[in-house]
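S.K.: Sending over protein00.csv (CSV, C-alpha atoms and all ligand atoms).
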chain,number,residue,atom,x,y,z
A,1,MET,CA,-5.7,-6.7,17.9
A,2,THR,CA,-5.1,-9.2,15.2
A,3,LEU,CA,-2.4,-8.2,12.9
A,4,ALA,CA,-2.3,-9.0,9.2
A,5,ILE,CA,1.4,-7.9,8.9
A,6,GLU,CA,3.8,-7.1,11.6
A,7,ALA,CA,7.4,-6.0,10.7
A,8,ARG,CA,10.1,-5.2,13.2
A,9,ARG,CA,13.3,-3.4,12.1
A,10,LEU,CA,12.7,-5.2,8.8
A,11,GLY,CA,15.4,-4.7,6.2
A,12,ARG,CA,16.3,-6.3,2.8
A,13,CYS,CA,19.5,-5.8,1.0
A,14,TYR,CA,20.2,-6.8,-2.6
A,15,GLY,CA,24.0,-7.0,-2.9
A,16,GLN,CA,25.3,-3.8,-1.6
A,17,ARG,CA,22.0,-2.0,-2.0
A,18,TRP,CA,19.3,-1.6,0.7
A,19,ALA,CA,15.8,-1.8,-0.8
A,20,LEU,CA,14.1,-1.7,2.6
A,21,THR,CA,15.5,-0.3,5.9
A,22,ASP,CA,14.3,-0.3,9.5
A,23,CYS,CA,10.7,-1.0,8.6
A,24,ASP,CA,8.3,-1.2,11.6
A,25,LEU,CA,4.7,-1.9,10.7
A,26,ARG,CA,1.6,-3.2,12.5
A,27,VAL,CA,-1.1,-3.6,9.9
A,28,PRO,CA,-4.4,-4.6,11.4
A,29,ALA,CA,-6.4,-7.4,10.0
A,30,GLY,CA,-9.7,-6.8,8.2
A,31,ARG,CA,-8.6,-3.7,6.4
A,32,ILE,CA,-8.0,-2.7,2.8
A,33,VAL,CA,-4.5,-1.4,2.8
A,34,GLY,CA,-3.0,0.9,0.3
A,35,LEU,CA,0.8,0.6,0.0
A,36,VAL,CA,1.9,3.8,-1.9
A,37,GLY,CA,5.3,4.9,-3.0
A,38,PRO,CA,7.2,6.0,-6.1
A,39,ASN,CA,9.3,3.8,-8.3
A,40,GLY,CA,12.0,1.9,-6.4
A,41,ALA,CA,10.4,2.8,-3.0
A,42,GLY,CA,10.6,-0.9,-1.9
A,43,LYS,CA,6.9,-1.8,-2.3
A,44,SER,CA,7.6,-5.1,-4.2
A,45,THR,CA,10.3,-6.0,-1.8
A,46,LEU,CA,8.0,-5.5,1.2
A,47,LEU,CA,5.3,-7.5,-0.5
A,48,SER,CA,7.7,-10.3,-1.5
A,49,LEU,CA,8.9,-10.5,2.1
A,50,ALA,CA,5.3,-10.7,3.3
A,51,CYS,CA,4.7,-13.6,0.9
A,52,GLY,CA,7.9,-15.4,1.9
A,53,LEU,CA,9.3,-15.2,-1.7
A,54,ILE,CA,12.4,-13.6,-0.2
A,55,ALA,CA,13.9,-13.6,3.3
A,56,PRO,CA,14.7,-10.5,5.4
A,57,THR,CA,18.3,-9.4,5.7
A,58,THR,CA,17.6,-7.8,9.0
A,59,GLY,CA,14.7,-7.8,11.4
A,60,SER,CA,11.6,-9.9,11.1
A,61,ILE,CA,8.2,-10.1,9.5
A,62,SER,CA,5.1,-12.1,10.5
A,63,VAL,CA,2.0,-12.5,8.5
A,64,LEU,CA,-1.3,-13.5,10.2
A,65,GLY,CA,0.8,-14.3,13.2
A,66,SER,CA,3.2,-16.7,11.5
A,67,ARG,CA,6.5,-16.6,9.5
A,68,PRO,CA,5.6,-16.1,5.8
A,69,ALA,CA,5.4,-19.3,3.8
A,70,ALA,CA,6.6,-21.3,6.8
A,71,THR,CA,4.1,-24.2,6.1
A,72,ALA,CA,1.7,-25.3,3.4
A,73,GLU,CA,-1.2,-24.1,5.6
A,74,GLN,CA,0.4,-20.7,6.0
A,75,LEU,CA,0.9,-20.5,2.2
A,76,ALA,CA,-2.8,-21.3,1.7
A,77,ARG,CA,-3.8,-18.4,4.0
A,78,VAL,CA,-2.2,-15.8,1.7
A,79,GLY,CA,-3.0,-15.0,-1.9
A,80,PHE,CA,-0.5,-13.1,-3.9
A,81,VAL,CA,-0.8,-11.5,-7.4
A,82,ALA,CA,2.6,-10.3,-8.5
A,83,GLN,CA,3.1,-7.3,-10.8
A,84,ASP,CA,2.1,-7.8,-14.5
A,85,THR,CA,-0.6,-10.4,-13.5
A,86,PRO,CA,1.4,-13.5,-14.3
A,87,LEU,CA,-0.8,-16.1,-16.0
A,88,TYR,CA,0.0,-19.0,-18.3
A,89,ALA,CA,-0.5,-17.6,-21.8
A,90,ASN,CA,-1.2,-21.0,-23.4
A,91,LEU,CA,-3.7,-22.1,-20.8
A,92,SER,CA,-7.4,-21.3,-21.1
A,93,VAL,CA,-9.4,-19.6,-18.5
A,94,ALA,CA,-11.0,-23.0,-17.6
A,95,GLU,CA,-7.6,-24.6,-17.4
A,96,HIS,CA,-6.4,-21.9,-15.0
A,97,LEU,CA,-9.4,-22.7,-12.7
A,98,ARG,CA,-8.6,-26.5,-12.9
A,99,LEU,CA,-5.0,-25.8,-12.0
A,100,GLY,CA,-6.1,-23.5,-9.1
A,101,ALA,CA,-8.3,-26.3,-7.8
A,102,LYS,CA,-5.4,-28.8,-7.9
A,103,LEU,CA,-2.9,-26.6,-6.2
A,104,ASN,CA,-5.0,-25.0,-3.5
A,105,PRO,CA,-6.5,-26.9,-0.6
A,106,ARG,CA,-9.1,-24.2,0.3
A,107,TRP,CA,-10.2,-23.7,-3.4
A,108,ASP,CA,-13.8,-22.5,-3.8
A,109,PRO,CA,-15.0,-23.8,-7.2
A,110,ARG,CA,-18.4,-22.0,-6.9
A,111,LEU,CA,-16.8,-18.7,-6.3
A,112,ALA,CA,-14.4,-19.1,-9.2
A,113,HIS,CA,-17.0,-20.3,-11.7
A,114,ASP,CA,-19.6,-17.7,-10.7
A,115,ARG,CA,-17.1,-15.0,-11.0
A,116,VAL,CA,-15.9,-16.0,-14.5
A,117,ARG,CA,-19.5,-16.1,-15.6
A,118,ARG,CA,-20.3,-12.8,-14.1
A,119,ILE,CA,-17.4,-10.9,-15.7
A,120,GLY,CA,-18.2,-12.6,-19.0
A,121,LEU,CA,-14.9,-14.4,-19.5
A,122,ASP,CA,-15.0,-17.2,-22.1
A,123,PRO,CA,-13.8,-20.4,-20.3
A,124,GLY,CA,-12.2,-21.6,-23.5
A,125,GLN,CA,-10.2,-18.4,-24.2
A,126,LYS,CA,-6.4,-18.7,-23.8
A,127,ALA,CA,-5.0,-16.3,-21.2
A,128,GLY,CA,-2.5,-14.9,-23.7
A,129,ARG,CA,-5.5,-13.6,-25.7
A,130,LEU,CA,-7.2,-11.8,-22.9
A,131,SER,CA,-7.1,-8.0,-22.6
A,132,GLY,CA,-5.2,-6.4,-19.7
A,133,GLY,CA,-8.5,-5.8,-17.8
A,134,GLN,CA,-9.6,-9.4,-18.4
A,135,ARG,CA,-6.2,-10.7,-17.2
A,136,ALA,CA,-6.5,-8.7,-14.1
A,137,GLN,CA,-10.0,-10.0,-13.4
A,138,LEU,CA,-8.8,-13.6,-14.0
A,139,ALA,CA,-5.9,-13.1,-11.6
A,140,LEU,CA,-8.2,-11.6,-9.0
A,141,THR,CA,-10.6,-14.6,-9.4
A,142,LEU,CA,-7.8,-17.1,-9.0
A,143,ALA,CA,-6.4,-15.4,-5.9
A,144,ALA,CA,-9.8,-15.0,-4.3
A,145,ALA,CA,-10.9,-18.5,-5.0
A,146,LYS,CA,-8.1,-19.7,-2.8
A,147,ARG,CA,-10.2,-18.2,0.0
A,148,PRO,CA,-7.1,-16.5,1.6
A,149,GLU,CA,-7.2,-14.5,4.8
A,150,LEU,CA,-4.8,-12.1,3.2
A,151,LEU,CA,-4.9,-11.1,-0.4
A,152,ILE,CA,-1.9,-9.1,-1.7
A,153,PHE,CA,-1.7,-7.4,-5.1
A,154,ASP,CA,1.4,-5.7,-6.4
A,155,GLU,CA,0.4,-2.8,-8.6
A,156,PRO,CA,-2.8,-4.4,-10.0
A,157,LEU,CA,-3.9,-1.3,-11.7
A,158,ALA,CA,-0.8,-0.2,-13.5
A,159,ALA,CA,-1.6,-1.7,-16.9
A,160,LEU,CA,-5.3,-0.9,-16.8
A,161,ASP,CA,-7.2,2.0,-18.4
A,162,PRO,CA,-9.5,4.1,-16.2
A,163,LEU,CA,-12.6,2.1,-16.9
A,164,ALA,CA,-10.9,-1.2,-16.3
A,165,ARG,CA,-9.5,0.2,-13.0
A,166,ARG,CA,-12.9,1.0,-11.8
A,167,THR,CA,-14.3,-2.4,-12.8
A,168,PHE,CA,-11.4,-4.1,-11.1
A,169,LEU,CA,-11.8,-2.1,-7.9
A,170,GLN,CA,-15.5,-2.8,-7.9
A,171,SER,CA,-14.9,-6.5,-8.2
A,172,LEU,CA,-12.3,-6.4,-5.5
A,173,MET,CA,-14.8,-4.7,-3.2
A,174,GLU,CA,-17.3,-7.4,-3.9
A,175,PHE,CA,-14.8,-10.1,-3.1
A,176,VAL,CA,-13.7,-8.3,0.1
A,177,ALA,CA,-17.3,-8.2,1.3
A,178,GLU,CA,-17.7,-11.9,0.5
A,179,LEU,CA,-14.3,-13.2,1.8
A,180,ALA,CA,-13.9,-10.9,4.9
A,181,ALA,CA,-10.2,-10.9,4.0
A,182,THR,CA,-7.5,-8.3,4.6
A,183,VAL,CA,-6.3,-6.9,1.2
A,184,VAL,CA,-3.1,-5.1,0.4
A,185,LEU,CA,-2.8,-3.2,-2.9
A,186,SER,CA,0.3,-1.3,-4.0
A,187,SER,CA,0.4,1.6,-6.3
A,188,HIS,CA,2.4,4.7,-7.3
A,189,LEU,CA,-0.6,6.8,-6.8
A,190,VAL,CA,-2.8,7.2,-3.8
A,191,THR,CA,-5.6,8.5,-6.1
A,192,ASP,CA,-5.8,5.0,-7.5
A,193,LEU,CA,-6.5,3.6,-4.1
A,194,GLU,CA,-8.2,6.2,-2.0
A,195,ARG,CA,-11.7,5.2,-2.8
A,196,VAL,CA,-11.2,1.7,-1.6
A,197,CYS,CA,-8.5,1.8,1.1
A,198,ASP,CA,-9.1,2.4,4.7
A,199,TYR,CA,-5.5,1.9,5.9
A,200,LEU,CA,-2.5,3.6,4.3
A,201,VAL,CA,1.2,2.8,4.3
A,202,VAL,CA,3.5,5.4,2.5
A,203,LEU,CA,6.9,4.0,1.5
A,204,ALA,CA,9.8,6.0,0.0
A,205,GLY,CA,13.5,5.5,-0.2
A,206,GLY,CA,13.1,2.0,1.4
A,207,ARG,CA,11.5,3.5,4.6
A,208,VAL,CA,8.0,3.7,5.9
A,209,GLN,CA,7.2,7.4,6.0
A,210,VAL,CA,3.8,7.1,7.6
A,211,ALA,CA,1.2,4.4,8.2
A,212,GLY,CA,-2.2,4.4,9.8
A,213,LEU,CA,-6.0,4.3,9.4
A,214,ALA,CA,-6.9,6.8,6.6
A,215,GLU,CA,-9.4,8.6,8.7
A,216,ASP,CA,-6.9,9.0,11.6
A,217,LEU,CA,-4.3,10.3,9.2
A,218,LEU,CA,-6.8,12.8,7.8
A,219,ASP,CA,-7.8,13.9,11.3
A,220,THR,CA,-4.3,14.5,12.5
A,221,HIS,CA,-2.7,16.2,9.5
A,222,HIS,CA,-3.3,19.8,8.7
A,223,ARG,CA,-2.0,22.7,6.7
A,224,LEU,CA,-1.4,26.0,8.6
A,225,ILE,CA,-1.1,29.2,6.8
A,226,GLY,CA,0.2,32.3,8.6
A,227,GLY,CA,2.6,35.1,8.8
A,228,GLN,CA,6.0,35.5,10.2
A,229,GLY,CA,6.1,34.6,13.9
A,230,ASP,CA,2.7,33.0,13.9
A,231,PHE,CA,4.1,29.5,14.6
A,232,ASP,CA,6.7,30.3,17.2
A,233,ALA,CA,5.3,28.1,19.9
A,234,LEU,CA,4.2,24.9,18.3
A,235,PRO,CA,3.6,22.1,20.8
A,236,ALA,CA,6.4,19.7,21.1
A,237,GLU,CA,4.3,16.8,19.8
A,238,VAL,CA,3.8,18.5,16.4
A,239,ASP,CA,5.7,17.0,13.6
A,240,ILE,CA,6.3,19.4,10.7
A,241,ILE,CA,6.2,17.4,7.5
A,242,ARG,CA,6.8,20.3,5.1
A,243,ALA,CA,7.4,24.1,5.4
A,244,GLU,CA,7.1,26.5,2.5
A,245,ARG,CA,7.6,30.2,2.5
A,246,THR,CA,6.3,32.7,-0.1
A,247,GLY,CA,7.0,36.4,0.8
A,248,ARG,CA,5.7,36.9,4.3
A,249,GLN,CA,3.5,33.9,4.2
A,250,THR,CA,4.5,30.5,5.8
A,251,THR,CA,2.6,27.3,5.0
A,252,LEU,CA,3.2,24.3,7.2
A,253,THR,CA,2.0,20.8,6.6
A,254,LEU,CA,2.1,19.1,9.9
A,255,ARG,CA,1.0,16.1,11.9
A,256,SER,CA,-0.5,16.9,15.3
A,257,PRO,CA,-2.3,14.6,17.7
A,258,VAL,CA,-3.7,17.6,19.5
A,259,MET,CA,-6.0,20.4,18.3
A,260,LEU,CA,-4.2,23.5,17.0
A,261,PRO,CA,-5.5,26.6,18.7
A,262,TYR,CA,-3.9,29.1,16.4
A,263,TYR,CA,-5.7,32.4,15.9
A,264,GLY,CA,-4.7,34.6,13.1
A,265,THR,CA,-3.7,31.5,11.0
A,266,GLN,CA,-5.7,29.5,8.6
A,267,VAL,CA,-6.1,25.8,9.4
A,268,GLN,CA,-7.0,23.6,6.5
A,269,ARG,CA,-7.6,19.9,6.3
A,270,LEU,CA,-5.6,17.8,3.8
A,271,ASP,CA,-6.9,15.2,1.4
A,272,LEU,CA,-5.0,11.9,1.2
A,273,GLU,CA,-3.1,12.9,-2.0
A,274,GLU,CA,-1.8,16.1,-0.4
A,275,LEU,CA,-0.8,14.2,2.7
A,276,VAL,CA,1.1,11.5,0.8
A,277,LEU,CA,2.8,14.1,-1.4
A,278,ALA,CA,4.0,16.0,1.7
A,279,TYR,CA,5.6,12.8,3.0
A,280,LEU,CA,7.1,12.0,-0.4
A,281,ARG,CA,8.6,15.5,-0.7
A,282,ARG,CA,10.1,15.2,2.7
A,283,ALA,CA,11.6,11.9,1.9
A,284,GLU,CA,12.9,13.3,-1.4
A,285,ALA,CA,14.5,16.2,0.5
A,286,GLY,CA,16.3,13.3,2.3
A,287,SER,CA,16.5,14.7,5.7
A,288,GLY,CA,13.2,15.1,7.4
A,289,ILE,CA,12.5,18.6,8.6
A,290,ALA,CA,14.3,20.2,11.5
A,291,ALA,CA,12.7,20.6,14.9
A,292,PRO,CA,10.2,23.5,14.9
A,293,GLY,CA,12.4,25.8,16.9
A,294,ARG,CA,15.2,25.6,14.4
A,295,LEU,CA,13.0,25.8,11.4
A,296,LEU,CA,10.6,28.6,12.2
A,297,PRO,CA,11.2,32.3,12.2
A,298,THR,CA,11.6,33.8,15.6
A,299,ARG,CA,9.4,36.6,16.8
A,300,SER,CA,11.3,39.9,17.0
B,401,LIG,N1,16.2,-8.7,-7.4
B,401,LIG,C1,16.8,-7.5,-7.2
B,401,LIG,N2,18.1,-7.3,-7.3
B,401,LIG,C2,18.7,-6.2,-7.1
B,401,LIG,N3,18.1,-5.0,-6.7
B,401,LIG,C3,16.7,-5.1,-6.6
B,401,LIG,C4,16.0,-6.3,-6.8
B,401,LIG,N4,14.7,-6.1,-6.7
B,401,LIG,C5,14.6,-4.8,-6.3
B,401,LIG,N5,15.8,-4.2,-6.3
B,401,LIG,C6,16.1,-2.8,-6.0
B,401,LIG,O1,15.5,-2.5,-4.7
B,401,LIG,C7,14.9,-1.2,-4.7
B,401,LIG,C8,13.4,-1.3,-4.4
B,401,LIG,O2,12.8,-2.0,-5.5
B,401,LIG,P1,11.3,-2.5,-5.4
B,401,LIG,O3,11.0,-3.2,-6.7
B,401,LIG,O4,11.0,-3.2,-4.2
B,401,LIG,O5,10.5,-1.1,-5.5
B,401,LIG,P2,9.1,-0.7,-5.9
B,401,LIG,O6,8.6,0.3,-5.0
B,401,LIG,O7,8.2,-2.0,-6.0
B,401,LIG,O8,9.3,-0.1,-7.3
B,401,LIG,P3,8.3,-0.1,-8.6
B,401,LIG,O9,7.2,0.8,-8.3
B,401,LIG,O10,9.2,0.6,-9.7
B,401,LIG,O11,8.0,-1.5,-9.0
B,401,LIG,C9,15.2,-0.6,-6.1
B,401,LIG,O12,16.3,0.2,-6.0
B,401,LIG,C10,15.5,-1.8,-7.0
B,401,LIG,O13,16.4,-1.5,-8.0
Mind converting the file's structure to structure tokens?
Ligand SMILES: Nc1ncnc2c1ncn2[C@@H]1O[C@H](COP(=O)(O)OP(=O)(O)OP(=O)(O)O)[C@@H](O)[C@H]1O

M.R.:
Amino acid sequence: MTLAIEARRLGRCYGQRWALTDCDLRVPAGRIVGLVGPNGAGKSTLLSLACGLIAPTTGSISVLGSRPAATAEQLARVGFVAQDTPLYANLSVAEHLRLGAKLNPRWDPRLAHDRVRRIGLDPGQKAGRLSGGQRAQLALTLAAAKRPELLIFDEPLAALDPLARRTFLQSLMEFVAELAATVVLSSHLVTDLERVCDYLVVLAGGRVQVAGLAEDLLDTHHRLIGGQGDFDALPAEVDIIRAERTGRQTTLTLRSPVMLPYYGTQVQRLDLEELVLAYLRRAEAGSGIAAPGRLLPTRS
């Protein structure tokens, strides 16, 4: 399997503070990847490592099979749009395209010009006068016209209103279909990304909490609702992500690679938001959940 990003025991420290710890990831190529996590989770740090803007403190990362930013050719294979869509305020849209053509060996002028026309940007307009949505579209155009194999966006939706978000994601999907590239998008909210992402990485507290194909994650995570003693004998391979008790009722959110044959309990599927929230709550609690035998009430 071709990997877009492979990280092994990856860590990054700023001064005394670890922003990313023990990160193991194998992100397959050809996917639209959602990198989700709260403020300070380490998303920008991971993406900056993937682009070669910063170096690992521990472990290693490879992107499309090579060390990030190792060569000019490797740089050309990766497009990166940092947070706040950095553009030159005093340059016009057309000047941005000319600059892109000069700096990028694989630049596709047709794609860039067609796209600017389609989204109705005035080529003479200075970037500093564009709206947030227009800036995001210009940044997307510049990154895509590089014809990268991997396109990375750090929180591209944060400054956009709901309509601009939709338009941006729609444009992104068009580009993805045209470029056949792997795309990584980060966000605080999985709801921003769930319509477009087919692979999910949840980061919290500088650690990867869960990663995988969205459909596999949905197939292997469930909520079980039952009474005391209903869950005494969970299979060993079950990972309890979250346990809540109200009165006599116990609700477990768990990951199980096997079918759960529990009679007398309700088994519910989770949506992606519920799944991500369960992992974020577990990370916030700081510990992970104890092994089932220790956590669950014993049958009397
Ligand atoms: N250049 C830096 N110097 C010192 N600490 C940093 C630096 N960059 C990030 N950090 C710290 O590393 C941790 C992770 O930050 P990072 O920006 O990677 O998280 P994030 O998930 O992208 O957050 P946000 O969603 O708020 O942008 C935070 O505690 C942050 O304060």

S.K.: When the cut-off is 7 Å and you count all atoms listed in the file, which residues lie near ligand LIG 401 (chain B), shown as a list in words?

M.R.: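 So, counting all atoms listed in the file, the residues near ligand LIG 401 (chain B) are Tyr14, Gly15, Arg17, Trp18, Ala19, Gly37, Pro38, Asn39, Gly40, Ala41, Gly42, Lys43, Ser44, Thr45, Leu46, His188 and Gly206 of chain A.
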
S.K.: Need the shell around A:Val78: protein/DNA/RNA residues with any atom at most 9 Å away, counting all atoms listed in the file. Skip same-chain ones fewer than 3 positions apart. Format as a VMD selection string?

M.R.: chain A and resid 51 63 to 64 68 to 69 74 to 75 143 146 to 152

S.K.: Keeping only C-alpha atoms, write the selected residues as a PDB file, in the coordinates of the input.

M.R.:
ATOM      1  CA  CYS A  51       4.700 -13.600   0.900  1.00  0.00           C
ATOM      2  CA  VAL A  63       2.000 -12.500   8.500  1.00  0.00           C
ATOM      3  CA  LEU A  64      -1.300 -13.500  10.200  1.00  0.00           C
ATOM      4  CA  PRO A  68       5.600 -16.100   5.800  1.00  0.00           C
ATOM      5  CA  ALA A  69       5.400 -19.300   3.800  1.00  0.00           C
ATOM      6  CA  GLN A  74       0.400 -20.700   6.000  1.00  0.00           C
ATOM      7  CA  LEU A  75       0.900 -20.500   2.200  1.00  0.00           C
ATOM      8  CA  ALA A 143      -6.400 -15.400  -5.900  1.00  0.00           C
ATOM      9  CA  LYS A 146      -8.100 -19.700  -2.800  1.00  0.00           C
ATOM     10  CA  ARG A 147     -10.200 -18.200   0.000  1.00  0.00           C
ATOM     11  CA  PRO A 148      -7.100 -16.500   1.600  1.00  0.00           C
ATOM     12  CA  GLU A 149      -7.200 -14.500   4.800  1.00  0.00           C
ATOM     13  CA  LEU A 150      -4.800 -12.100   3.200  1.00  0.00           C
ATOM     14  CA  LEU A 151      -4.900 -11.100  -0.400  1.00  0.00           C
ATOM     15  CA  ILE A 152      -1.900  -9.100  -1.700  1.00  0.00           C
TER      16      ILE A 152
END

S.K.: Skipping near chain neighbours, those fewer than 2 positions away, what residues fall within 6 Å of stretch 214-224 of chain A using only C-alpha atoms, listed as a PyMOL selection string?

M.R.: chain A and resi 198-200+251-257+266-270

S.K.: Distance atom CA of A:Pro86-atom CA of A:Arg135, one decimal place?

M.R.: 8.6 Å

S.K.: Suppose you want the space between atom CA of A:Arg165 and atom CA of A:Leu47; what is it in Å?

M.R.: 20.8 Å

S.K.: Nearest to A:Pro28 among A:Thr182, A:Ser92, A:Thr57, A:Thr246, with distances taken over all atoms listed in the file: which residue is it?

M.R.: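 Closest to A:Pro28, using all atoms listed in the file: A:Thr182.
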
S.K.: Which residues, protein or nucleic acid, reach to within 9 Å of (8.8, 10.9, -1.3) in the file's coordinates when using only C-alpha atoms, and can you give that as a PyMOL selection string?

M.R.: chain A and resi 37-38+41+202-205+209+276-286

S.K.: Please produce a file of those selected residues containing C-alpha atoms, as a short mmCIF file (atom, residue, chain, number, x, y, z; two decimals), in the frame of the given file.

M.R.:
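See part.cif below for the written result:
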data_model
loop_
_atom_site.label_atom_id
_atom_site.label_comp_id
_atom_site.auth_asym_id
_atom_site.auth_seq_id
_atom_site.Cartn_x
_atom_site.Cartn_y
_atom_site.Cartn_z
CA GLY A 37 5.30 4.90 -3.00
CA PRO A 38 7.20 6.00 -6.10
CA ALA A 41 10.40 2.80 -3.00
CA VAL A 202 3.50 5.40 2.50
CA LEU A 203 6.90 4.00 1.50
CA ALA A 204 9.80 6.00 0.00
CA GLY A 205 13.50 5.50 -0.20
CA GLN A 209 7.20 7.40 6.00
CA VAL A 276 1.10 11.50 0.80
CA LEU A 277 2.80 14.10 -1.40
CA ALA A 278 4.00 16.00 1.70
CA TYR A 279 5.60 12.80 3.00
CA LEU A 280 7.10 12.00 -0.40
CA ARG A 281 8.60 15.50 -0.70
CA ARG A 282 10.10 15.20 2.70
CA ALA A 283 11.60 11.90 1.90
CA GLU A 284 12.90 13.30 -1.40
CA ALA A 285 14.50 16.20 0.50
CA GLY A 286 16.30 13.30 2.30
#

S.K.: Calculated over all atoms listed in the file, which of the candidates A:Ala101, A:Ala144, A:Met173, A:Ala127 has the smallest distance to A:Val81?

M.R.: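 Smallest separation from A:Val81 among the options: A:Ala144.
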
S.K.: Neighbouring residues of A:Val184 were defined as those with any atom within 7 Å, considering all atoms listed in the file; residues of the same chain fewer than 5 positions away were excluded. Please report them as JSON, numbers by chain.

M.R.: {"A": [32, 33, 34, 35, 151, 152, 153]}

S.K.: Record the distance separating atom CA of A:Leu138 and atom CA of A:Arg31, expressed in Å with one decimal.

M.R.: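 So the answer is 22.7 Å.
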
S.K.: From the set A:Leu275, A:Leu10, A:Leu99, A:Ala76, which residue has the shortest atom-to-atom contact distance to A:Ala211, counting only C-alpha atoms?

M.R.: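 Between A:Leu275, A:Leu10, A:Leu99, A:Ala76, the residue approaching A:Ala211 most closely is A:Leu275.
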
S.K.: Residues near stretch 107-124 of chain A, anyone? I mean within 12 Å using all atoms listed in the file, not counting same-chain ones fewer than 6 positions away, as a PDB file with C-alpha atoms, keeping the file's coordinate frame.

M.R.:
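So the final result, stored in out.pdb, reads:
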ATOM      1  CA  ALA A  76      -2.800 -21.300   1.700  1.00  0.00           C
ATOM      2  CA  ARG A  77      -3.800 -18.400   4.000  1.00  0.00           C
ATOM      3  CA  GLY A  79      -3.000 -15.000  -1.900  1.00  0.00           C
ATOM      4  CA  ASN A  90      -1.200 -21.000 -23.400  1.00  0.00           C
ATOM      5  CA  LEU A  91      -3.700 -22.100 -20.800  1.00  0.00           C
ATOM      6  CA  SER A  92      -7.400 -21.300 -21.100  1.00  0.00           C
ATOM      7  CA  VAL A  93      -9.400 -19.600 -18.500  1.00  0.00           C
ATOM      8  CA  ALA A  94     -11.000 -23.000 -17.600  1.00  0.00           C
ATOM      9  CA  GLU A  95      -7.600 -24.600 -17.400  1.00  0.00           C
ATOM     10  CA  HIS A  96      -6.400 -21.900 -15.000  1.00  0.00           C
ATOM     11  CA  LEU A  97      -9.400 -22.700 -12.700  1.00  0.00           C
ATOM     12  CA  ARG A  98      -8.600 -26.500 -12.900  1.00  0.00           C
ATOM     13  CA  LEU A  99      -5.000 -25.800 -12.000  1.00  0.00           C
ATOM     14  CA  GLY A 100      -6.100 -23.500  -9.100  1.00  0.00           C
ATOM     15  CA  ALA A 101      -8.300 -26.300  -7.800  1.00  0.00           C
ATOM     16  CA  LEU A 130      -7.200 -11.800 -22.900  1.00  0.00           C
ATOM     17  CA  SER A 131      -7.100  -8.000 -22.600  1.00  0.00           C
ATOM     18  CA  GLY A 133      -8.500  -5.800 -17.800  1.00  0.00           C
ATOM     19  CA  GLN A 134      -9.600  -9.400 -18.400  1.00  0.00           C
ATOM     20  CA  ARG A 135      -6.200 -10.700 -17.200  1.00  0.00           C
ATOM     21  CA  ALA A 136      -6.500  -8.700 -14.100  1.00  0.00           C
ATOM     22  CA  GLN A 137     -10.000 -10.000 -13.400  1.00  0.00           C
ATOM     23  CA  LEU A 138      -8.800 -13.600 -14.000  1.00  0.00           C
ATOM     24  CA  ALA A 139      -5.900 -13.100 -11.600  1.00  0.00           C
ATOM     25  CA  LEU A 140      -8.200 -11.600  -9.000  1.00  0.00           C
ATOM     26  CA  THR A 141     -10.600 -14.600  -9.400  1.00  0.00           C
ATOM     27  CA  LEU A 142      -7.800 -17.100  -9.000  1.00  0.00           C
ATOM     28  CA  ALA A 143      -6.400 -15.400  -5.900  1.00  0.00           C
ATOM     29  CA  ALA A 144      -9.800 -15.000  -4.300  1.00  0.00           C
ATOM     30  CA  ALA A 145     -10.900 -18.500  -5.000  1.00  0.00           C
ATOM     31  CA  LYS A 146      -8.100 -19.700  -2.800  1.00  0.00           C
ATOM     32  CA  ARG A 147     -10.200 -18.200   0.000  1.00  0.00           C
ATOM     33  CA  PRO A 148      -7.100 -16.500   1.600  1.00  0.00           C
ATOM     34  CA  ALA A 164     -10.900  -1.200 -16.300  1.00  0.00           C
ATOM     35  CA  THR A 167     -14.300  -2.400 -12.800  1.00  0.00           C
ATOM     36  CA  PHE A 168     -11.400  -4.100 -11.100  1.00  0.00           C
ATOM     37  CA  GLN A 170     -15.500  -2.800  -7.900  1.00  0.00           C
ATOM     38  CA  SER A 171     -14.900  -6.500  -8.200  1.00  0.00           C
ATOM     39  CA  LEU A 172     -12.300  -6.400  -5.500  1.00  0.00           C
ATOM     40  CA  GLU A 174     -17.300  -7.400  -3.900  1.00  0.00           C
ATOM     41  CA  PHE A 175     -14.800 -10.100  -3.100  1.00  0.00           C
ATOM     42  CA  GLU A 178     -17.700 -11.900   0.500  1.00  0.00           C
ATOM     43  CA  LEU A 179     -14.300 -13.200   1.800  1.00  0.00           C
TER      44      LEU A 179
END
